[in-house]
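What's in run15.pdb: PDB, C-alpha atoms and all ligand atoms
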```
ATOM      1  CA  MET A   1     -21.677  32.793  57.283  1.00  0.00           C
ATOM      2  CA  SER A   2     -20.861  35.555  54.894  1.00  0.00           C
ATOM      3  CA  THR A   3     -23.587  37.145  52.852  1.00  0.00           C
ATOM      4  CA  LEU A   4     -22.915  36.216  49.261  1.00  0.00           C
ATOM      5  CA  SER A   5     -25.066  37.988  46.727  1.00  0.00           C
ATOM      6  CA  ARG A   6     -26.414  35.615  44.106  1.00  0.00           C
ATOM      7  CA  LEU A   7     -26.647  36.420  40.446  1.00  0.00           C
ATOM      8  CA  THR A   8     -30.229  36.401  39.198  1.00  0.00           C
ATOM      9  CA  LEU A   9     -31.453  33.333  37.305  1.00  0.00           C
ATOM     10  CA  PRO A  10     -32.338  35.261  34.098  1.00  0.00           C
ATOM     11  CA  ARG A  11     -28.820  36.671  34.009  1.00  0.00           C
ATOM     12  CA  LEU A  12     -27.219  33.263  34.555  1.00  0.00           C
ATOM     13  CA  VAL A  13     -29.480  31.646  31.937  1.00  0.00           C
ATOM     14  CA  ALA A  14     -28.859  34.407  29.389  1.00  0.00           C
ATOM     15  CA  ARG A  15     -25.117  33.807  29.679  1.00  0.00           C
ATOM     16  CA  ALA A  16     -25.657  30.050  29.453  1.00  0.00           C
ATOM     17  CA  LEU A  17     -27.683  30.446  26.256  1.00  0.00           C
ATOM     18  CA  LEU A  18     -24.743  32.306  24.724  1.00  0.00           C
ATOM     19  CA  ARG A  19     -22.466  29.394  25.657  1.00  0.00           C
ATOM     20  CA  ARG A  20     -20.633  31.641  28.068  1.00  0.00           C
ATOM     21  CA  CYS A  21     -19.582  30.935  31.621  1.00  0.00           C
ATOM     22  CA  PRO A  22     -22.767  31.592  33.605  1.00  0.00           C
ATOM     23  CA  TRP A  23     -20.758  32.999  36.483  1.00  0.00           C
ATOM     24  CA  CYS A  24     -18.355  35.442  34.816  1.00  0.00           C
ATOM     25  CA  ALA A  25     -19.797  35.647  31.269  1.00  0.00           C
ATOM     26  CA  GLY A  26     -16.363  34.682  29.919  1.00  0.00           C
ATOM     27  CA  LYS A  27     -16.743  34.106  26.187  1.00  0.00           C
ATOM     28  CA  LYS A  28     -14.905  30.809  25.866  1.00  0.00           C
ATOM     29  CA  ALA A  29     -15.978  29.513  29.257  1.00  0.00           C
ATOM     30  CA  TRP A  30     -14.596  25.987  29.604  1.00  0.00           C
ATOM     31  CA  PHE A  31     -15.140  24.825  26.023  1.00  0.00           C
ATOM     32  CA  ARG A  32     -12.242  23.455  23.994  1.00  0.00           C
ATOM     33  CA  SER A  33     -14.549  22.490  21.131  1.00  0.00           C
ATOM     34  CA  TRP A  34     -18.248  21.685  20.772  1.00  0.00           C
ATOM     35  CA  PHE A  35     -17.892  18.468  22.773  1.00  0.00           C
ATOM     36  CA  ARG A  36     -14.638  18.894  24.685  1.00  0.00           C
ATOM     37  CA  ARG A  37     -13.974  20.942  27.769  1.00  0.00           C
ATOM     38  CA  TYR A  38     -11.252  22.340  29.895  1.00  0.00           C
ATOM     39  CA  ASP A  39     -11.548  21.613  33.607  1.00  0.00           C
ATOM     40  CA  ARG A  40     -12.057  25.226  34.526  1.00  0.00           C
ATOM     41  CA  CYS A  41     -13.480  28.388  33.030  1.00  0.00           C
ATOM     42  CA  ARG A  42     -10.658  30.150  31.248  1.00  0.00           C
ATOM     43  CA  THR A  43     -11.751  33.509  32.589  1.00  0.00           C
ATOM     44  CA  CYS A  44     -12.694  33.011  36.240  1.00  0.00           C
ATOM     45  CA  GLY A  45     -11.263  29.550  36.962  1.00  0.00           C
ATOM     46  CA  LEU A  46     -14.529  28.047  38.174  1.00  0.00           C
ATOM     47  CA  ARG A  47     -14.595  24.269  37.699  1.00  0.00           C
ATOM     48  CA  TRP A  48     -17.307  23.277  35.200  1.00  0.00           C
ATOM     49  CA  ASN A  49     -18.578  20.425  37.365  1.00  0.00           C
ATOM     50  CA  ARG A  50     -18.181  22.293  40.657  1.00  0.00           C
ATOM     51  CA  GLY A  51     -16.283  19.245  41.919  1.00  0.00           C
ATOM     52  CA  GLN A  52     -19.474  17.155  41.933  1.00  0.00           C
ATOM     53  CA  ASP A  53     -19.391  13.651  40.467  1.00  0.00           C
ATOM     54  CA  GLY A  54     -23.050  13.679  39.418  1.00  0.00           C
ATOM     55  CA  PHE A  55     -22.964  17.049  37.686  1.00  0.00           C
ATOM     56  CA  GLU A  56     -23.401  15.596  34.199  1.00  0.00           C
ATOM     57  CA  LEU A  57     -26.585  13.886  35.322  1.00  0.00           C
ATOM     58  CA  GLY A  58     -28.140  17.337  35.678  1.00  0.00           C
ATOM     59  CA  ALA A  59     -26.894  18.383  32.242  1.00  0.00           C
ATOM     60  CA  MET A  60     -28.321  15.156  30.850  1.00  0.00           C
ATOM     61  CA  THR A  61     -31.683  15.978  32.400  1.00  0.00           C
ATOM     62  CA  VAL A  62     -31.613  19.349  30.631  1.00  0.00           C
ATOM     63  CA  ALA A  63     -30.843  17.508  27.362  1.00  0.00           C
ATOM     64  CA  VAL A  64     -33.774  15.135  27.893  1.00  0.00           C
ATOM     65  CA  VAL A  65     -36.134  18.019  28.607  1.00  0.00           C
ATOM     66  CA  ILE A  66     -34.983  20.008  25.547  1.00  0.00           C
ATOM     67  CA  THR A  67     -34.999  17.021  23.182  1.00  0.00           C
ATOM     68  CA  GLY A  68     -38.235  15.528  24.491  1.00  0.00           C
ATOM     69  CA  GLY A  69     -39.852  18.953  24.459  1.00  0.00           C
ATOM     70  CA  SER A  70     -38.798  19.555  20.840  1.00  0.00           C
ATOM     71  CA  VAL A  71     -40.183  16.205  19.685  1.00  0.00           C
ATOM     72  CA  MET A  72     -43.450  16.784  21.565  1.00  0.00           C
ATOM     73  CA  LEU A  73     -43.751  20.281  20.143  1.00  0.00           C
ATOM     74  CA  PHE A  74     -43.127  19.055  16.606  1.00  0.00           C
ATOM     75  CA  LEU A  75     -45.646  16.215  16.942  1.00  0.00           C
ATOM     76  CA  SER A  76     -48.273  18.474  18.507  1.00  0.00           C
ATOM     77  CA  ILE A  77     -47.938  21.108  15.791  1.00  0.00           C
ATOM     78  CA  SER A  78     -47.914  18.620  12.922  1.00  0.00           C
ATOM     79  CA  ILE A  79     -50.942  16.772  14.314  1.00  0.00           C
ATOM     80  CA  ALA A  80     -52.813  20.046  14.811  1.00  0.00           C
ATOM     81  CA  VAL A  81     -51.931  21.298  11.313  1.00  0.00           C
ATOM     82  CA  SER A  82     -52.678  18.092   9.409  1.00  0.00           C
ATOM     83  CA  TYR A  83     -55.611  16.765  11.453  1.00  0.00           C
ATOM     84  CA  PRO A  84     -57.400  14.505  10.607  1.00  0.00           C
ATOM     85  CA  ASP A  85     -55.243  13.250   7.719  1.00  0.00           C
ATOM     86  CA  PHE A  86     -51.883  13.136   9.437  1.00  0.00           C
ATOM     87  CA  GLN A  87     -49.117  11.025   7.960  1.00  0.00           C
ATOM     88  CA  VAL A  88     -47.743   8.852  10.733  1.00  0.00           C
ATOM     89  CA  VAL A  89     -44.591   7.563   9.019  1.00  0.00           C
ATOM     90  CA  PRO A  90     -43.134  10.930   7.909  1.00  0.00           C
ATOM     91  CA  MET A  91     -44.002  12.409  11.290  1.00  0.00           C
ATOM     92  CA  ALA A  92     -42.297   9.554  13.117  1.00  0.00           C
ATOM     93  CA  LEU A  93     -39.226   9.861  10.872  1.00  0.00           C
ATOM     94  CA  ILE A  94     -38.906  13.607  11.380  1.00  0.00           C
ATOM     95  CA  GLY A  95     -39.474  13.125  15.100  1.00  0.00           C
ATOM     96  CA  ALA A  96     -36.660  10.571  15.161  1.00  0.00           C
ATOM     97  CA  VAL A  97     -34.333  12.951  13.313  1.00  0.00           C
ATOM     98  CA  ILE A  98     -35.117  15.698  15.834  1.00  0.00           C
ATOM     99  CA  ALA A  99     -34.451  13.261  18.683  1.00  0.00           C
ATOM    100  CA  LEU A 100     -31.053  12.416  17.190  1.00  0.00           C
ATOM    101  CA  VAL A 101     -29.959  15.899  16.156  1.00  0.00           C
ATOM    102  CA  MET A 102     -31.117  17.984  19.126  1.00  0.00           C
ATOM    103  CA  PRO A 103     -28.738  16.458  21.697  1.00  0.00           C
ATOM    104  CA  VAL A 104     -25.803  17.169  19.363  1.00  0.00           C
ATOM    105  CA  LEU A 105     -26.866  20.743  18.647  1.00  0.00           C
ATOM    106  CA  THR A 106     -27.640  21.564  22.262  1.00  0.00           C
ATOM    107  CA  TYR A 107     -24.844  19.651  23.995  1.00  0.00           C
ATOM    108  CA  PRO A 108     -22.788  22.622  25.249  1.00  0.00           C
ATOM    109  CA  PHE A 109     -25.916  24.536  26.214  1.00  0.00           C
ATOM    110  CA  THR A 110     -27.132  21.687  28.405  1.00  0.00           C
ATOM    111  CA  GLN A 111     -23.874  22.054  30.321  1.00  0.00           C
ATOM    112  CA  THR A 112     -24.053  25.831  30.687  1.00  0.00           C
ATOM    113  CA  LEU A 113     -27.765  25.790  31.496  1.00  0.00           C
ATOM    114  CA  TRP A 114     -27.356  23.202  34.221  1.00  0.00           C
ATOM    115  CA  SER A 115     -24.426  25.179  35.534  1.00  0.00           C
ATOM    116  CA  ALA A 116     -26.622  28.306  35.600  1.00  0.00           C
ATOM    117  CA  PHE A 117     -29.293  26.546  37.684  1.00  0.00           C
ATOM    118  CA  ASP A 118     -26.663  25.047  39.941  1.00  0.00           C
ATOM    119  CA  LEU A 119     -24.943  28.399  40.486  1.00  0.00           C
ATOM    120  CA  ARG A 120     -28.278  29.978  41.300  1.00  0.00           C
ATOM    121  CA  VAL A 121     -29.078  27.367  43.937  1.00  0.00           C
ATOM    122  CA  HIS A 122     -25.521  26.973  45.236  1.00  0.00           C
ATOM    123  CA  PRO A 123     -23.526  30.153  44.684  1.00  0.00           C
ATOM    124  CA  PRO A 124     -19.809  29.340  44.466  1.00  0.00           C
ATOM    125  CA  THR A 125     -17.464  29.772  47.371  1.00  0.00           C
ATOM    126  CA  GLN A 126     -14.174  31.578  47.065  1.00  0.00           C
ATOM    127  CA  GLU A 127     -12.379  28.229  47.384  1.00  0.00           C
ATOM    128  CA  GLU A 128     -13.820  27.080  44.046  1.00  0.00           C
ATOM    129  CA  PHE A 129     -11.769  29.652  42.180  1.00  0.00           C
ATOM    130  CA  LEU A 130      -8.051  29.777  41.551  1.00  0.00           C
ATOM    131  CA  PRO A 131      -5.781  31.844  43.798  1.00  0.00           C
ATOM    132  CA  ASP A 132      -5.004  34.195  40.908  1.00  0.00           C
ATOM    133  CA  THR A 133      -8.628  34.731  39.869  1.00  0.00           C
ATOM    134  CA  PRO A 134      -9.239  38.494  39.741  1.00  0.00           C
ATOM    135  CA  VAL A 135     -11.202  39.644  42.771  1.00  0.00           C
ATOM    136  CA  GLU A 136     -13.991  41.086  40.621  1.00  0.00           C
ATOM    137  CA  LEU A 137     -14.755  37.589  39.293  1.00  0.00           C
ATOM    138  CA  LEU A 138     -14.957  35.978  42.698  1.00  0.00           C
ATOM    139  CA  PRO A 139     -18.354  35.569  44.350  1.00  0.00           C
ATOM    140  CA  VAL A 140     -19.022  39.172  43.792  1.00  0.00           C
ATOM    141  CA  ALA A 141     -20.486  38.615  46.654  1.00  0.00           C
ATOM    142  CA  LEU A 142     -17.673  39.575  48.979  1.00  0.00           C
ATOM    143  CA  THR A 143     -18.979  42.088  51.463  1.00  0.00           C
ATOM    144  CA  LYS A 144     -16.951  45.128  52.445  1.00  0.00           C
ATOM    145  CA  ALA A 145     -16.137  43.415  55.712  1.00  0.00           C
ATOM    146  CA  GLU A 146     -14.824  40.358  53.925  1.00  0.00           C
ATOM    147  CA  GLU A 147     -12.731  42.462  51.598  1.00  0.00           C
ATOM    148  CA  ALA A 148     -11.211  44.212  54.574  1.00  0.00           C
ATOM    149  CA  ARG A 149     -10.484  40.847  56.147  1.00  0.00           C
ATOM    150  CA  ALA A 150      -8.948  39.623  52.889  1.00  0.00           C
ATOM    151  CA  VAL A 151      -6.561  42.566  52.880  1.00  0.00           C
ATOM    152  CA  LYS A 152      -5.527  41.836  56.477  1.00  0.00           C
ATOM    153  CA  ALA A 153      -4.876  38.220  55.637  1.00  0.00           C
ATOM    154  CA  THR A 154      -2.673  39.048  52.669  1.00  0.00           C
ATOM    155  CA  ASP A 155       0.258  37.264  54.275  1.00  0.00           C
ATOM    156  CA  MET A 156      -1.649  33.967  53.882  1.00  0.00           C
ATOM    157  CA  TRP A 157      -1.978  34.565  50.150  1.00  0.00           C
ATOM    158  CA  ALA A 158       1.406  36.205  49.744  1.00  0.00           C
ATOM    159  CA  SER A 159       3.067  33.645  47.488  1.00  0.00           C
ATOM    160  CA  PRO A 160       0.423  31.709  45.589  1.00  0.00           C
ATOM    161  CA  SER A 161       2.271  32.257  42.331  1.00  0.00           C
ATOM    162  CA  GLY A 162       5.249  30.227  43.504  1.00  0.00           C
ATOM    163  CA  GLN A 163       3.167  27.098  44.005  1.00  0.00           C
ATOM    164  CA  GLY A 164       3.149  25.878  40.435  1.00  0.00           C
ATOM    165  CA  GLU A 165       6.886  26.225  39.804  1.00  0.00           C
ATOM    166  CA  LYS A 166       8.190  23.069  41.405  1.00  0.00           C
ATOM    167  CA  PRO A 167       5.672  20.240  41.271  1.00  0.00           C
ATOM    168  CA  SER A 168       6.874  17.474  43.577  1.00  0.00           C
TER     169      SER A 168
HETATM  170 ZN    ZN B 201     -16.108  31.948  34.333  1.00  0.00          ZN
END
```
What is this file in structure tokens?
Ligand SMILES: [Zn+2]
Amino acid sequence: MSTLSRLTLPRLVARALLRRCPWCAGKKAWFRSWFRRYDRCRTCGLRWNRGQDGFELGAMTVAVVITGGSVMLFLSISIAVSYPDFQVVPMALIGAVIALVMPVLTYPFTQTLWSAFDLRVHPPTQEEFLPDTPVELLPVALTKAEEARAVKATDMWASPSGQGEKPS
């Protein structure tokens, strides 16, 4: 097995918090709009769901943690500040608004954050990228030995550009 160097979690998370591709830091990553996505990162070609069916379950977990955490934080602070005369109804209403608004505001970040954690635990393989992805965006990862092997095997990759011309 080749030795792939992993990106550090803080680096991956920092990119995710900027709504960038955690792997390549590409600005637009895979986002078409706030809620819609392209299949792959527009910079490095990495698939947003890594080809896993349950990927969105992880992103949903991030959303639950962020939203639940925000509501808990709000309730804790407002109880601490207004104790012992806290107003239950306004607090419950504001808590409900936070619970409704947070998932909308954080939607793309739940995707990038989950992707960051996933990439940290399972660094991508070269096969997850497109044939024309620039080498520097591949699992950076490639050791000198692998690079040398890649050069030798150029004949295998000689005509990847011709593949898309005639879909059968
Ligand atoms: Zn990317």
**Message:** Ranking A:Leu46, A:Ala80, A:Val71, A:Leu9 by minimum distance to Ala99 (chain A) and counting only C-alpha atoms, which one comes first?
**Reply:** A:Val71
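Residues in contact with ligand ZN 201 (chain B) (atom pairs separated by at most 10 Å; all atoms listed in the file) are A:Arg20, A:Cys21, A:Pro22, A:Trp23, A:Cys24, A:Ala25, A:Gly26, A:Lys27, A:Lys28, A:Ala29, A:Trp30, A:Arg40, A:Cys41, A:Arg42, A:Thr43, A:Cys44, A:Gly45, A:Leu46, A:Arg47, A:Trp48, A:Phe129, A:Thr133, A:Leu137, A:Leu138.
Comparing the minimum interatomic distances between Phe55 (chain A) and each of A:Thr8, A:Ser76, A:Thr110, A:Ser82, counting only C-alpha atoms, we find that A:Thr110 sits nearest.
A search radius of 10 Å centred on (-29.6, 18.2, 21.0), applied to only C-alpha atoms, returns the residues Val62, Ala63, Val64, Ile66, Thr67, Gly68, Ser70, Ile98, Ala99, Leu100, Val101, Met102, Pro103, Val104, Leu105, Thr106, Tyr107, Pro108, Phe109 and Thr110 of chain A.
For the choices A:Ala116, A:Val65, A:Val88, A:Ile94, the atom-to-atom distance to Leu18 (chain A) is smallest for A:Ala116 when using all atoms listed in the file.
Take CA of Leu93 (chain A) and CA of Leu73 (chain A): the distance between them is 14.7 Å.
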Any chance you could model N, CA and C atoms for region 103-127 of chain A and send them as a PDB file, in the frame of the given file?
```
ATOM      1  N   PRO A 103     -29.773  16.595  20.669  1.00  0.00           N
ATOM      2  CA  PRO A 103     -28.738  16.458  21.697  1.00  0.00           C
ATOM      3  C   PRO A 103     -27.367  16.926  21.215  1.00  0.00           C
ATOM      4  N   VAL A 104     -27.093  16.742  19.911  1.00  0.00           N
ATOM      5  CA  VAL A 104     -25.803  17.169  19.363  1.00  0.00           C
ATOM      6  C   VAL A 104     -25.744  18.697  19.302  1.00  0.00           C
ATOM      7  N   LEU A 105     -26.834  19.285  18.798  1.00  0.00           N
ATOM      8  CA  LEU A 105     -26.866  20.743  18.647  1.00  0.00           C
ATOM      9  C   LEU A 105     -26.847  21.472  19.983  1.00  0.00           C
ATOM     10  N   THR A 106     -27.476  20.849  20.992  1.00  0.00           N
ATOM     11  CA  THR A 106     -27.640  21.564  22.262  1.00  0.00           C
ATOM     12  C   THR A 106     -26.646  21.127  23.327  1.00  0.00           C
ATOM     13  N   TYR A 107     -25.728  20.224  22.973  1.00  0.00           N
ATOM     14  CA  TYR A 107     -24.844  19.651  23.995  1.00  0.00           C
ATOM     15  C   TYR A 107     -24.185  20.694  24.900  1.00  0.00           C
ATOM     16  N   PRO A 108     -23.453  21.677  24.344  1.00  0.00           N
ATOM     17  CA  PRO A 108     -22.788  22.622  25.249  1.00  0.00           C
ATOM     18  C   PRO A 108     -23.774  23.461  26.071  1.00  0.00           C
ATOM     19  N   PHE A 109     -24.940  23.714  25.495  1.00  0.00           N
ATOM     20  CA  PHE A 109     -25.916  24.536  26.214  1.00  0.00           C
ATOM     21  C   PHE A 109     -26.533  23.785  27.393  1.00  0.00           C
ATOM     22  N   THR A 110     -26.612  22.445  27.266  1.00  0.00           N
ATOM     23  CA  THR A 110     -27.132  21.687  28.405  1.00  0.00           C
ATOM     24  C   THR A 110     -26.170  21.826  29.585  1.00  0.00           C
ATOM     25  N   GLN A 111     -24.876  21.894  29.268  1.00  0.00           N
ATOM     26  CA  GLN A 111     -23.874  22.054  30.321  1.00  0.00           C
ATOM     27  C   GLN A 111     -23.968  23.432  30.968  1.00  0.00           C
ATOM     28  N   THR A 112     -24.030  24.475  30.129  1.00  0.00           N
ATOM     29  CA  THR A 112     -24.053  25.831  30.687  1.00  0.00           C
ATOM     30  C   THR A 112     -25.383  26.102  31.399  1.00  0.00           C
ATOM     31  N   LEU A 113     -26.468  25.553  30.856  1.00  0.00           N
ATOM     32  CA  LEU A 113     -27.765  25.790  31.496  1.00  0.00           C
ATOM     33  C   LEU A 113     -27.823  25.119  32.872  1.00  0.00           C
ATOM     34  N   TRP A 114     -27.335  23.877  32.927  1.00  0.00           N
ATOM     35  CA  TRP A 114     -27.356  23.202  34.221  1.00  0.00           C
ATOM     36  C   TRP A 114     -26.458  23.943  35.207  1.00  0.00           C
ATOM     37  N   SER A 115     -25.334  24.415  34.696  1.00  0.00           N
ATOM     38  CA  SER A 115     -24.426  25.179  35.534  1.00  0.00           C
ATOM     39  C   SER A 115     -25.114  26.445  36.057  1.00  0.00           C
ATOM     40  N   ALA A 116     -25.908  27.091  35.192  1.00  0.00           N
ATOM     41  CA  ALA A 116     -26.622  28.306  35.600  1.00  0.00           C
ATOM     42  C   ALA A 116     -27.583  28.009  36.755  1.00  0.00           C
ATOM     43  N   PHE A 117     -28.355  26.911  36.615  1.00  0.00           N
ATOM     44  CA  PHE A 117     -29.293  26.546  37.684  1.00  0.00           C
ATOM     45  C   PHE A 117     -28.532  26.208  38.965  1.00  0.00           C
ATOM     46  N   ASP A 118     -27.447  25.466  38.786  1.00  0.00           N
ATOM     47  CA  ASP A 118     -26.663  25.047  39.941  1.00  0.00           C
ATOM     48  C   ASP A 118     -26.065  26.253  40.660  1.00  0.00           C
ATOM     49  N   LEU A 119     -25.552  27.212  39.883  1.00  0.00           N
ATOM     50  CA  LEU A 119     -24.943  28.399  40.486  1.00  0.00           C
ATOM     51  C   LEU A 119     -25.992  29.261  41.182  1.00  0.00           C
ATOM     52  N   ARG A 120     -27.206  29.217  40.659  1.00  0.00           N
ATOM     53  CA  ARG A 120     -28.278  29.978  41.300  1.00  0.00           C
ATOM     54  C   ARG A 120     -28.623  29.370  42.663  1.00  0.00           C
ATOM     55  N   VAL A 121     -28.701  28.040  42.690  1.00  0.00           N
ATOM     56  CA  VAL A 121     -29.078  27.367  43.937  1.00  0.00           C
ATOM     57  C   VAL A 121     -27.904  27.328  44.924  1.00  0.00           C
ATOM     58  N   HIS A 122     -26.721  27.022  44.389  1.00  0.00           N
ATOM     59  CA  HIS A 122     -25.521  26.973  45.236  1.00  0.00           C
ATOM     60  C   HIS A 122     -24.487  27.952  44.707  1.00  0.00           C
ATOM     61  N   PRO A 123     -24.541  29.197  45.144  1.00  0.00           N
ATOM     62  CA  PRO A 123     -23.526  30.153  44.684  1.00  0.00           C
ATOM     63  C   PRO A 123     -22.136  29.630  45.044  1.00  0.00           C
ATOM     64  N   PRO A 124     -21.145  29.903  44.208  1.00  0.00           N
ATOM     65  CA  PRO A 124     -19.809  29.340  44.466  1.00  0.00           C
ATOM     66  C   PRO A 124     -19.153  29.970  45.687  1.00  0.00           C
ATOM     67  N   THR A 125     -18.261  29.217  46.283  1.00  0.00           N
ATOM     68  CA  THR A 125     -17.464  29.772  47.371  1.00  0.00           C
ATOM     69  C   THR A 125     -16.136  30.232  46.804  1.00  0.00           C
ATOM     70  N   GLN A 126     -15.451  31.046  47.543  1.00  0.00           N
ATOM     71  CA  GLN A 126     -14.174  31.578  47.065  1.00  0.00           C
ATOM     72  C   GLN A 126     -13.182  30.447  46.783  1.00  0.00           C
ATOM     73  N   GLU A 127     -13.312  29.350  47.532  1.00  0.00           N
ATOM     74  CA  GLU A 127     -12.379  28.229  47.384  1.00  0.00           C
ATOM     75  C   GLU A 127     -12.519  27.536  46.036  1.00  0.00           C
TER      76      GLU A 127
END
```
